[in-house]
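Chemist: Dumping the structure here so I can ask a few things about it.
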Amino acid sequence: MGSIEGYSVLVTGGGSGIGEAAAAKLAADGANVTICGRTEDKLIAAAERIAAGAADGAAVGHIVCDVTVEASVVAAVQAATATTDRLDGVFACAGGSTGMGPLVTAEVDDIRSTMELNYIGTFLTLKHAGTQMAKQGGGSFVGCSSHAGQDSMRFLGGYGAAKAALDHLCRVGADEMGRFGVR
């Protein structure tokens, strides 16, 4: 695998957990990383931790972004391209679930918000990051999924369905944008 030194990468959900860990590894390997999430205090703290372990010359930035709001995603993509005028990669990690339990007792609002965050948020990120990547001649997009999207898992019906939709979205995105060098 080649070096990612100098690449620009956007990590949604980068203020904690898997997103923060991925952003830290990317920055340590020399990538310019922009993390985004909904809580600025978490983003500031995460950006400081990531920057402490970043390779020399790697920029670490953050922007408050709700991936379920299109204008917010547009701003995050613009922020991630600011350093190099490119967006070489995206790790769409914003996700989660607002309700777990049997389907027969699930609240429709919990199912909707889980679909919005996991699927619609990834769709909007793919739409705008993919447009930028296609315009510049390539890039890589990774959607953070779960085995709950492939396997039946009790009490995770909404979350599993959202992750299955995300998996399909990423396959179709690769099929549609591959001719532009986006994978």
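In the structure tokens, the first chain shown is A, the next is B, and so on; residue numbers restart at 1 for each chain, and ligands run from 1 in the order shown.
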So that I can check the surroundings of A:Val74, please list as a VMD selection string every protein, DNA and RNA residue that reaches within 10 Å of it, counting only C-alpha atoms and ignoring chain neighbours fewer than 5 positions away.
Modeler: chain A and resid 65 67 69 79 124 to 125 127 to 129
Chemist: Quick one: everything within 9 Å of A:Lys163, counting only C-alpha atoms, minus sequence neighbours fewer than 4 positions away in the same chain. Send it as number ranges by chain.
Modeler: A: 115, 118-119, 144-150, 158-159, 167-168
Chemist: Would you mind listing what lies within 7 Å of stretch 139-142 of chain A as a PyMOL selection string, with only C-alpha atoms counted and same-chain residues fewer than 4 positions away left out?
Modeler: chain A and resi 87-92+133+181-183
Chemist: Just the residues within 8 Å of A:Ile63, please, counting only C-alpha atoms, with nothing from its chain fewer than 4 positions along; format it as a PyMOL selection string.
Modeler: chain A and resi 34-37+40+43+76+79
Chemist: Select from stretch 3-146 of chain A everything DSSP, run on the backbone, classes as helix (DSSP H, G or I), then give the selection as JSON, numbers by chain.
Modeler: {"A": [17, 18, 19, 20, 21, 22, 23, 24, 25, 26, 27, 28, 40, 41, 42, 43, 44, 45, 46, 47, 48, 49, 50, 51, 52, 70, 71, 72, 73, 74, 75, 76, 77, 78, 79, 80, 81, 103, 104, 105, 108, 109, 110, 111, 112, 113, 114, 115, 116, 117, 118, 119, 120, 121, 122, 123, 124, 125, 126, 127, 128, 129, 130, 131, 132, 133, 134, 135, 136]}
Chemist: When distances are computed from only C-alpha atoms, which of A:Cys93, A:Ala174, A:Ala47, A:Leu103 shows the smallest separation from A:Asn32?
Modeler: A:Ala47
Chemist: Find the distance between atom CA of A:His62 and atom CA of A:Ala94 and write it in Å to one decimal.
Modeler: 14.0 Å
Chemist: Find the spatial neighbours of A:Lys135, counting only C-alpha atoms, within a cut-off of 9 Å - ignore same-chain residues fewer than 4 positions away - and output them as a list in words.
Modeler: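 Near A:Lys135, the qualifying residues are Gly130, Thr131 and Phe180 of chain A.
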Chemist: Using the chain letters and numbers from this document, which residues of stretch 89-151 of chain A does DSSP assign to strand (DSSP E or B), as number ranges by chain?
Modeler: A: 89-92, 139-143
Chemist: Figure out the distance between atom CA of A:Thr84 and atom CA of A:Ile18, please, to one decimal in Å.
Modeler: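 Computing it gives 24.9 Å between the two atoms.
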Chemist: Kindly indicate which residue among A:Val9, A:Ile50, A:Ala134, A:Val73 lies nearest to A:Arg179, using only C-alpha atoms for the distances.
Modeler: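 Closest candidate: A:Ala134.
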Chemist: What separation in Å, quoted to one decimal, exists between atom CA of A:Gly95 and atom CA of A:Gly143?
Modeler: 10.0 Å
Chemist: Can you pull out every residue within 7 Å of A:Thr98, counting only C-alpha atoms, but drop anything in the same chain fewer than 5 positions away, and send it as an mmCIF file with C-alpha atoms, in the first residue's frame?
Modeler:
```
data_model
loop_
_atom_site.group_PDB
_atom_site.id
_atom_site.type_symbol
_atom_site.label_atom_id
_atom_site.label_comp_id
_atom_site.auth_asym_id
_atom_site.auth_seq_id
_atom_site.Cartn_x
_atom_site.Cartn_y
_atom_site.Cartn_z
ATOM 1 C CA ASP A 110 -36.512 5.962 16.759
ATOM 2 C CA SER A 113 -33.838 8.894 13.341
ATOM 3 C CA THR A 114 -31.667 5.771 13.079
#
```
